[in-house]
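Since the structure comes first, as structure tokens, the remarks are kept for the end.
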Amino acid sequence: MHAPDALIALGRLDTARCDVTVVTREPGAAPVHTHTETLHVLVTEGCLWLSMDGAERPVRPGEWCCVPAGTEHTERYAEPTSAVVFWLREAG
């Protein structure tokens with residue numbers, strides 16, 4: 001099941017060290033990119049195909065992946081996919 005609309009409607013929950021988003025992605029792919037934060041992603045439905053460090057791997061419901069800050073990566077979705085994303089910032 002996709003994340004409930006009410007949960008998605010909350011948008012991004014911000015704190016000093018970690019933001020949390022609940023996302024739903026339709027089939028497609030993102031271009032290669034980086035983030036200033038470290039991402040920890042929990043897939044709740046579908047499959048996130050993560051490409052990082054020259055390899056692609058599936059991340060399925062109940063599985064986590066980590067994208068370290070500054071790491072080039074891309075993701076693609078062959079089916080509708082939902083996930084909870086934790087955006088961790090360095091202390092500073």
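Ordering of the structure tokens sets the chain letters (A, B, ...), residue numbers begin anew at 1 in every chain, and ligands are numbered from 1 in the order given.
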
Might you pull out every residue within 7 Å of A:Gly70, with only C-alpha atoms counted and same-chain residues fewer than 2 positions away left off, and present them as a JSON list (two decimals) with N, CA, C and O atoms, in the first residue's frame?
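Final output, result.json:
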[["chain", "number", "residue", "atom", "x", "y", "z"],
["A", 34, "THR", "N", 23.67, 14.45, -6.15],
["A", 34, "THR", "CA", 24.21, 14.28, -4.80],
["A", 34, "THR", "C", 23.32, 15.07, -3.83],
["A", 34, "THR", "O", 22.48, 15.88, -4.25],
["A", 35, "HIS", "N", 23.53, 14.83, -2.53],
["A", 35, "HIS", "CA", 22.85, 15.57, -1.47],
["A", 35, "HIS", "C", 23.91, 16.01, -0.46],
["A", 35, "HIS", "O", 24.92, 15.32, -0.27],
["A", 36, "THR", "N", 23.65, 17.10, 0.23],
["A", 36, "THR", "CA", 24.56, 17.53, 1.29],
["A", 36, "THR", "C", 24.33, 16.73, 2.57],
["A", 36, "THR", "O", 25.19, 16.69, 3.43],
["A", 68, "PRO", "N", 25.52, 8.05, 1.49],
["A", 68, "PRO", "CA", 26.33, 9.02, 2.22],
["A", 68, "PRO", "C", 26.31, 10.40, 1.57],
["A", 68, "PRO", "O", 26.20, 10.52, 0.34],
["A", 72, "GLU", "N", 27.56, 10.54, -5.46],
["A", 72, "GLU", "CA", 26.77, 10.53, -6.69],
["A", 72, "GLU", "C", 25.95, 9.25, -6.75],
["A", 72, "GLU", "O", 26.45, 8.17, -6.49]]

Practice item. Taking the DSSP assignment computed from this structure's backbone, write out as a list in words all residues of chain A that belong to helix (DSSP H, G or I). Key: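 The helix (DSSP H, G or I) residues within chain A come out as Asp5, Ala6, Leu7, Ile8 and Ala9 of chain A.
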
Take the residues that were just selected and, keeping N, CA, C and O atoms, output them as a PDB file, in the first residue's frame.
ATOM      1  N   ASP A   5      -2.274   9.427   2.145  1.00  0.00           N
ATOM      2  CA  ASP A   5      -2.224  10.823   1.702  1.00  0.00           C
ATOM      3  C   ASP A   5      -1.997  11.778   2.860  1.00  0.00           C
ATOM      4  O   ASP A   5      -1.267  12.757   2.727  1.00  0.00           O
ATOM      5  N   ALA A   6      -2.613  11.510   4.009  1.00  0.00           N
ATOM      6  CA  ALA A   6      -2.460  12.397   5.167  1.00  0.00           C
ATOM      7  C   ALA A   6      -1.007  12.450   5.629  1.00  0.00           C
ATOM      8  O   ALA A   6      -0.512  13.500   6.033  1.00  0.00           O
ATOM      9  N   LEU A   7      -0.301  11.331   5.548  1.00  0.00           N
ATOM     10  CA  LEU A   7       1.106  11.297   5.951  1.00  0.00           C
ATOM     11  C   LEU A   7       1.963  12.040   4.930  1.00  0.00           C
ATOM     12  O   LEU A   7       2.833  12.828   5.293  1.00  0.00           O
ATOM     13  N   ILE A   8       1.690  11.830   3.657  1.00  0.00           N
ATOM     14  CA  ILE A   8       2.430  12.528   2.615  1.00  0.00           C
ATOM     15  C   ILE A   8       2.180  14.039   2.700  1.00  0.00           C
ATOM     16  O   ILE A   8       3.082  14.844   2.502  1.00  0.00           O
ATOM     17  N   ALA A   9       0.958  14.421   3.052  1.00  0.00           N
ATOM     18  CA  ALA A   9       0.596  15.839   3.136  1.00  0.00           C
ATOM     19  C   ALA A   9       1.388  16.584   4.206  1.00  0.00           C
ATOM     20  O   ALA A   9       1.492  17.809   4.159  1.00  0.00           O
TER      21      ALA A   9
END

Exercise for review: Please provide the set of residues having any atom within 6 Å of stretch 79-84 of chain A, restricted to only C-alpha atoms, with same-chain residues fewer than 2 positions apart removed, written as a PyMOL selection string.
Suggested key: chain A and resi 2+21-27+41-47+77

What does the file look like for those residues with C-alpha atoms, as a PDB file, in the first residue's frame?
ATOM      1  CA  HIS A   2       1.231   3.492  -0.764  1.00  0.00           C
ATOM      2  CA  THR A  21       9.915  12.860   4.357  1.00  0.00           C
ATOM      3  CA  VAL A  22       7.383  10.294   3.188  1.00  0.00           C
ATOM      4  CA  VAL A  23       7.433   9.986  -0.587  1.00  0.00           C
ATOM      5  CA  THR A  24       5.589   8.163  -3.344  1.00  0.00           C
ATOM      6  CA  ARG A  25       7.328   7.834  -6.707  1.00  0.00           C
ATOM      7  CA  GLU A  26       5.799   6.805 -10.014  1.00  0.00           C
ATOM      8  CA  PRO A  27       7.746   4.789 -12.613  1.00  0.00           C
ATOM      9  CA  VAL A  41      15.719   5.274   3.100  1.00  0.00           C
ATOM     10  CA  LEU A  42      13.140   2.676   4.175  1.00  0.00           C
ATOM     11  CA  VAL A  43      11.089   1.354   1.250  1.00  0.00           C
ATOM     12  CA  THR A  44       7.491   0.603   2.248  1.00  0.00           C
ATOM     13  CA  GLU A  45       6.068  -0.454  -1.132  1.00  0.00           C
ATOM     14  CA  GLY A  46       7.350  -1.169  -4.628  1.00  0.00           C
ATOM     15  CA  CYS A  47      11.065  -1.215  -5.390  1.00  0.00           C
ATOM     16  CA  TYR A  77      11.323   3.019 -10.211  1.00  0.00           C
TER      17      TYR A  77
END
